[in-house]
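Chemist: What follows is a structure written as structure tokens; I'll ask about it next.
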Amino acid sequence: MTTDVLAPPSTDLRPAAWLRKNLFSSVASSLVTLLIGALLLWLAINIGQWALTEARWDVVSRNLRLFLIGQYPADQAWRLWLSLLVLSVLAGMSAGLFGHTIRVLAVSVSAIQGLLAAMMLVSPVGPLITVGMLANAVMVWAGWVVGVRRLVPRRAVVVAWLISIPVIYMLISGFATQIPDVSTNLWGGLLLTILLAVVGILLSFPLGVLLALGRRSSLPAIRIVSTAYIEIIRGVPLVTILFMADVMLPFFLPGEVRIDRVIRAMGGITLFSAAYVAENVRGGLQAIPTGQIEAAQALGLHSWQMNLFIVLPQALRSVIPANVGLFISLLKDTTLVAIIGLAELLGIGQSILAQPASLGAHLEVFTFVGVIFFVLCYAMSQASYRLERQLGVGTR
Amino acid sequence: MSVPGLPSLEVTSTPARQQHAAVRPWRDIRVLRLVTQVAVLLAVGIGIGFLANNLTSAMADRNLTFGYGFLGQRAGFEIGDSPVPYSANDTYGQAFLVGVLNTIFLSVVGMVLATAFGIVLGVARLSPNWLLSRVVSGYVEIIRNTPLLLQLFVIYFVVLVQLPPVQDSISVGGVVFLNQRGLFVPAPQVSSTLVQWLAIVVVATALAIAGRMLGSHLEKDGRRNPLSRHAGRISALAVLVVAIGAWVLLPETPLRFDLPIAGRFNFSGGLALSTAFTAILVGLVLYTAAFIAEVIRGGIQAVSRGQVEAAHALGLSDADTLRLVVFPQALRIIVPPLTSQYLNLAKNSSLAIAVGYPDLFKVGTTMANQTGQPISVIVLVMGTYLAISLATSLLMNLYNRRVQVLER
């Protein structure tokens, strides 16, 4: 017996019906639509006119090198490009191996590099760097092909990430006679912004996990110390901590120890974000069913074994999206080091605005800086959103 | 006590106690707990002691002392915006107080405005109008994904410097004026009759509530009259009539608004808010409102559709559904994240230094530079921020408890 199966009625609306439903469903709605439409049109005309005819984009293109790497010496810049190449390939391979969440990040890494390469065409940084940047953008895709064909094992890529981060840091700061030290006060621009954020989140993570475990410890002394640290840090603004790190730290160290300003800022950011990481991780710890802990105890595991093999793997997995959110706000918060006088992306923008040739080009500089931040943060928030759904946080 | 057929308790417990005593100290959980705690406290103590020792020797090298004696000395610096009378001849203590008051004023005004704007944005984000919800979500994404400091710079260096001079002020309804010198708004003028008026309104409200309670009590007994159906509206109307009547009839208007009046070179009267204050306030409000909008949207969306459908099935109107069913439930979800947004706003107000508004942090850095007592000053500043944060979260937690009580 065969039955004719009718297709379900189409839920797609034809354009006219869609318009009526979503834009002109009532008199009030129609008015709102017209009002906003007019406003958007007016904005688009004004912004377009400004961007295409009035804006002095040469202020940005002329200073592109400063925006990207600050005062980092030009003859040493190959170290940065090499680091970027490694990161691009790794990002591409991870995207190929680990699927669509990281693909969002890899695509945006590639897109940012392509965008910068396009801007370099009209800026005096030289054809070599432009081609290098473009090659980096392509290398992301090459890495992706390698990853998606499973030419490298997942484990190798994870290990490569872990090794690459300290190696890249050493490469940038210098470690041997062939690779001379580049003083941190020459670091600047996007380079410094990203270094501050990445070093901040990586170093604060272990500290934050320890604080979170400490806050949930059954030992009162440890609990009180951890809770006090977390609550005090979370109760004060980041600027005060940066001010403390910048002005006060020399007072707290023995006279012969000198730590330069960038490292001090990194320390301040790390101590600050550790408290927030701790609260995120605590959320993950609380979400673990008591049955898991009781089962671990019934198996006779030590408390450290239980934490290491049972509790933390589950807790950390569920707090990844929250920590991505934290990383986004940390990336934005790195701009505060401009207040204590470091030349990160926004700070270098201000010093560029102080040049006589760039007088009054505030909007151009701020737009450029804003677009870079927006692309980075938006890509990460989208990745985190996908990750959240992929991990099924809140649905299991 | 012994049960026949079972070994007596005394017999089993003795070997157990012996076994317990046989646990070696380094495996005894009680010893381990004590040792761990002592070790952690020792490590923290040694760390603090090391830092404190370095601090005292570094301060001795620089001939500095720790103390708050400087608070009574003459400050000698001017503060542009001050809610209380202040001059350079006043003490550091008074200067610090001005900073604290400015931070509190900025935070409170910011919280109120950000909440109002955030609710508007959050509701607009859920509008059935596609264009409206898209535009609002675009705004929220742009604001949330760029640094606040950058937004402050744009407001201060790009928008506010392009404002017209005093003669060509932008006027909103003839009562609010915006120009290069800042924002001029009507100043509330409290007169002596305000207390009397407030007392009258409070008494009227109390009477109305008492009447309502009596009414519902009677209703419970089954003595229902046509009036009781509209009792809520009638009592609210009565309070309103009394309030307006008292406002008009009292010998002096309880609260007047002193309007800013355009003079030849500047405005007289009204409340003058400096450009710096306008910049930081607008920046904080626009930024925090985007986050609050997401909190509101999440809260409303978290109320399940079944609730709305059930309310409609019970015959509640749209407005009543929103007021009695959706809102109380959404509020429970909204309040905790809203609290953390308020805390963020209070902490972000320290960015006022970027536009030169003399808040707690800016006054603090000036004091640290002038007095040569950076440690004392920064401890004071951080302690004050901590107190503000704790007070905010305390108030919000009290409110949260009230909201949560509604739960079964």
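Residues are referred to by chain and number: the chain letter is A, B, ... according to the order shown in the structure tokens, the number counts from 1 in that chain, and ligands are numbered separately from 1 in the order shown.
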What lies within 9 Å of range 385-393 of chain B using only C-alpha atoms, ignoring chain neighbours under 4 positions off, as a list of chain:residue names?
Modeler: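 Within the cut-off, the hits are A:Glu231, A:Ile232, A:Ile233, A:Arg234, A:Gly235, A:Val236, A:Pro237, B:Val100, B:Ile104, B:Thr339, B:Ser340, B:Tyr342, B:Leu343, B:Asn344, B:Ala346, B:Lys347, B:Leu360, B:Leu380, B:Val381, B:Asn397, B:Leu398.
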Chemist: Apply DSSP to the backbone of this structure and, from range 141-302 of chain B, keep only the residues in alpha helix (DSSP H); write these as a PyMOL selection string.
Modeler: chain B and resi 141-144+148-153+194-220+226-229+231-249+275-302
Chemist: Would you mind telling me which residue in A:Ser123, A:Thr53, A:Ser83, A:Ser29 lies nearest to chain B when using only C-alpha atoms?
Modeler: A:Ser29
Chemist: Please extract the residues of range 162-350 of chain B with a backbone DSSP assignment of strand (DSSP E) and present them as an NGL selection string.
Modeler: :B and (170-172 or 176-179 or 182-185 or 187-190 or 255-258 or 261-262 or 267-268 or 271-273)
Chemist: Could you write out the selected residues, including C-alpha atoms, as a PDB file, in the first residue's frame?
Modeler:
ATOM      1  CA  ILE B 170      21.522  73.138  21.209  1.00  0.00           C
ATOM      2  CA  SER B 171      18.258  73.460  23.091  1.00  0.00           C
ATOM      3  CA  VAL B 172      15.921  70.647  24.088  1.00  0.00           C
ATOM      4  CA  VAL B 176      18.034  71.650  28.604  1.00  0.00           C
ATOM      5  CA  PHE B 177      20.935  73.270  26.761  1.00  0.00           C
ATOM      6  CA  LEU B 178      24.083  71.703  25.349  1.00  0.00           C
ATOM      7  CA  ASN B 179      27.114  73.692  24.268  1.00  0.00           C
ATOM      8  CA  GLY B 182      28.764  71.507  28.992  1.00  0.00           C
ATOM      9  CA  LEU B 183      25.237  70.486  29.706  1.00  0.00           C
ATOM     10  CA  PHE B 184      22.793  72.870  31.401  1.00  0.00           C
ATOM     11  CA  VAL B 185      19.757  71.257  33.016  1.00  0.00           C
ATOM     12  CA  ALA B 187      18.161  72.493  38.969  1.00  0.00           C
ATOM     13  CA  PRO B 188      15.707  71.152  41.543  1.00  0.00           C
ATOM     14  CA  GLN B 189      15.118  73.748  44.260  1.00  0.00           C
ATOM     15  CA  VAL B 190      13.892  72.255  47.509  1.00  0.00           C
ATOM     16  CA  LEU B 255       9.891  71.528  44.608  1.00  0.00           C
ATOM     17  CA  ARG B 256      10.689  74.084  41.963  1.00  0.00           C
ATOM     18  CA  PHE B 257      12.954  73.729  38.990  1.00  0.00           C
ATOM     19  CA  ASP B 258      15.381  76.542  38.415  1.00  0.00           C
ATOM     20  CA  ILE B 261      18.736  81.123  31.380  1.00  0.00           C
ATOM     21  CA  ALA B 262      20.898  82.085  28.457  1.00  0.00           C
ATOM     22  CA  PHE B 267      24.093  80.496  31.291  1.00  0.00           C
ATOM     23  CA  SER B 268      22.876  81.601  34.663  1.00  0.00           C
ATOM     24  CA  LEU B 271      22.524  73.078  37.027  1.00  0.00           C
ATOM     25  CA  ALA B 272      25.687  73.279  34.943  1.00  0.00           C
ATOM     26  CA  LEU B 273      27.298  69.916  34.187  1.00  0.00           C
TER      27      LEU B 273
END
Chemist: If we count only C-alpha atoms and set the cut-off at 12 Å, which residues sit around Gly255 in chain A, ignoring sequence neighbours fewer than 5 positions away in its own chain? Please answer as a PDB file with N, CA and C atoms, in the first residue's frame.
Modeler:
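For reference, selection_5.pdb as written:
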ATOM      1  N   LEU A 249      54.713  48.992  42.768  1.00  0.00           N
ATOM      2  CA  LEU A 249      55.450  47.736  42.808  1.00  0.00           C
ATOM      3  C   LEU A 249      56.920  47.927  43.185  1.00  0.00           C
ATOM      4  N   PRO A 250      57.607  48.962  42.631  1.00  0.00           N
ATOM      5  CA  PRO A 250      59.007  49.164  43.017  1.00  0.00           C
ATOM      6  C   PRO A 250      59.197  49.284  44.527  1.00  0.00           C
TER       7      PRO A 250
ATOM      8  N   LEU B  51      57.017  41.540  51.545  1.00  0.00           N
ATOM      9  CA  LEU B  51      56.637  42.772  50.841  1.00  0.00           C
ATOM     10  C   LEU B  51      56.645  43.955  51.801  1.00  0.00           C
ATOM     11  N   ASN B  53      58.335  44.298  54.529  1.00  0.00           N
ATOM     12  CA  ASN B  53      59.705  44.622  54.903  1.00  0.00           C
ATOM     13  C   ASN B  53      60.369  45.466  53.821  1.00  0.00           C
ATOM     14  N   ASN B  54      60.189  45.023  52.537  1.00  0.00           N
ATOM     15  CA  ASN B  54      60.732  45.806  51.424  1.00  0.00           C
ATOM     16  C   ASN B  54      60.148  47.200  51.416  1.00  0.00           C
ATOM     17  N   LEU B  55      58.834  47.273  51.681  1.00  0.00           N
ATOM     18  CA  LEU B  55      58.140  48.557  51.645  1.00  0.00           C
ATOM     19  C   LEU B  55      58.717  49.494  52.686  1.00  0.00           C
ATOM     20  N   THR B  56      58.880  48.994  53.919  1.00  0.00           N
ATOM     21  CA  THR B  56      59.374  49.898  54.961  1.00  0.00           C
ATOM     22  C   THR B  56      60.787  50.376  54.647  1.00  0.00           C
ATOM     23  N   SER B  57      61.639  49.450  54.109  1.00  0.00           N
ATOM     24  CA  SER B  57      63.001  49.897  53.834  1.00  0.00           C
ATOM     25  C   SER B  57      63.019  50.863  52.650  1.00  0.00           C
ATOM     26  N   ALA B  58      62.151  50.581  51.618  1.00  0.00           N
ATOM     27  CA  ALA B  58      62.112  51.489  50.469  1.00  0.00           C
ATOM     28  C   ALA B  58      61.609  52.857  50.893  1.00  0.00           C
ATOM     29  N   MET B  59      60.632  52.868  51.804  1.00  0.00           N
ATOM     30  CA  MET B  59      60.092  54.152  52.231  1.00  0.00           C
ATOM     31  C   MET B  59      61.091  54.888  53.109  1.00  0.00           C
ATOM     32  N   ALA B  60      61.838  54.117  53.918  1.00  0.00           N
ATOM     33  CA  ALA B  60      62.864  54.762  54.748  1.00  0.00           C
ATOM     34  C   ALA B  60      63.930  55.397  53.868  1.00  0.00           C
ATOM     35  N   ASP B  61      64.297  54.694  52.760  1.00  0.00           N
ATOM     36  CA  ASP B  61      65.289  55.250  51.826  1.00  0.00           C
ATOM     37  C   ASP B  61      64.826  56.578  51.251  1.00  0.00           C
ATOM     38  N   ARG B  62      63.517  56.665  51.000  1.00  0.00           N
ATOM     39  CA  ARG B  62      62.996  57.880  50.363  1.00  0.00           C
ATOM     40  C   ARG B  62      62.458  58.868  51.391  1.00  0.00           C
TER      41      ARG B  62
END
Chemist: Determine which residues of chain B sit within 8 Å of chain A, taking into account only C-alpha atoms, and present them as a count of residues only.
Modeler: 41
Chemist: Skipping near chain neighbours, those fewer than 6 positions away, what residues fall within 10 Å of Ser351 in chain A using only C-alpha atoms, listed as a PyMOL selection string?
Modeler: chain A and resi 66+343+358
Chemist: Write the residues of the preceding selection, restricted to N, CA and C atoms, as a JSON list (two decimals), in the first residue's frame.
Modeler:
[["chain", "number", "residue", "atom", "x", "y", "z"],
["A", 66, "LEU", "N", 53.37, 51.68, 13.08],
["A", 66, "LEU", "CA", 53.23, 52.02, 14.50],
["A", 66, "LEU", "C", 52.00, 51.35, 15.10],
["A", 343, "ALA", "N", 52.09, 52.15, 25.27],
["A", 343, "ALA", "CA", 51.62, 52.45, 23.91],
["A", 343, "ALA", "C", 50.97, 51.23, 23.29],
["A", 358, "SER", "N", 49.00, 64.78, 11.98],
["A", 358, "SER", "CA", 47.73, 64.07, 12.15],
["A", 358, "SER", "C", 46.74, 64.87, 12.98]]
Chemist: Could you tell me which of A:Leu316, A:Leu171, A:Ile112, A:Leu128 comes closest to Gln76 in chain A if we count only C-alpha atoms?
Modeler: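 Result for the nearest residue to Gln76 in chain A: A:Leu171.
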Chemist: Pick the closest to Gly118 in chain B from B:Glu309, B:Asp81, B:Asp320, B:Glu294: which is it, counting only C-alpha atoms?
Modeler: B:Glu294
Chemist: Taking 4 positions as the minimum chain separation for residues in the same chain, which residues sit within 8 Å of Val242 in chain B when counting only C-alpha atoms? Answer as number ranges by chain.
Modeler: B: 200-201, 204, 238, 246
Chemist: Between A:Ile179, A:Leu359, A:Val198, A:Ala265, which residue has the minimum interatomic distance to Asp75 in chain A, considering only C-alpha atoms?
Modeler: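 Among A:Ile179, A:Leu359, A:Val198, A:Ala265, it is A:Ile179 that comes nearest to Asp75 in chain A.
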Chemist: Just the residues within 12 Å of Ser303 in chain A, please, counting only C-alpha atoms, with nothing from its chain fewer than 6 positions along; format it as a ChimeraX atom specification.
Modeler: /A:213,217-218,293-294,296-297,309-312 /B:29,33
Chemist: Fewer than 4 positions away in the same chain doesn't count, so skip those; otherwise give me all residues within 9 Å of Thr371 in chain B, counting only C-alpha atoms, as a CSV table (one decimal) with C-alpha atoms, in the first residue's frame.
Modeler:
chain,number,residue,atom,x,y,z
B,70,PHE,CA,48.3,64.7,55.4
B,75,ALA,CA,45.4,70.6,49.4
B,366,THR,CA,46.7,64.0,42.2
B,367,MET,CA,46.9,63.5,46.0
B,377,VAL,CA,46.5,57.3,49.2
Chemist: How many Å lie between CA of Gln404 in chain B and CA of Thr321 in chain B, rounded to one decimal?
Modeler: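 Going from CA of Gln404 in chain B over to CA of Thr321 in chain B covers 19.1 Å.
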Chemist: With distances taken over only C-alpha atoms, which residue among B:Pro164, B:Pro358, B:Gly138, B:Pro260 lies nearest Val98 in chain B?
Modeler: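 Of all the options, B:Pro358 lies closest to Val98 in chain B.
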Chemist: Taking into account only C-alpha atoms, which residue in the set A:Ser110, A:Tyr229, A:Gly189, A:Arg79 is nearest to Trp141 in chain A?
Modeler: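 Counting only C-alpha atoms, the residue closest to Trp141 in chain A is A:Ser110.
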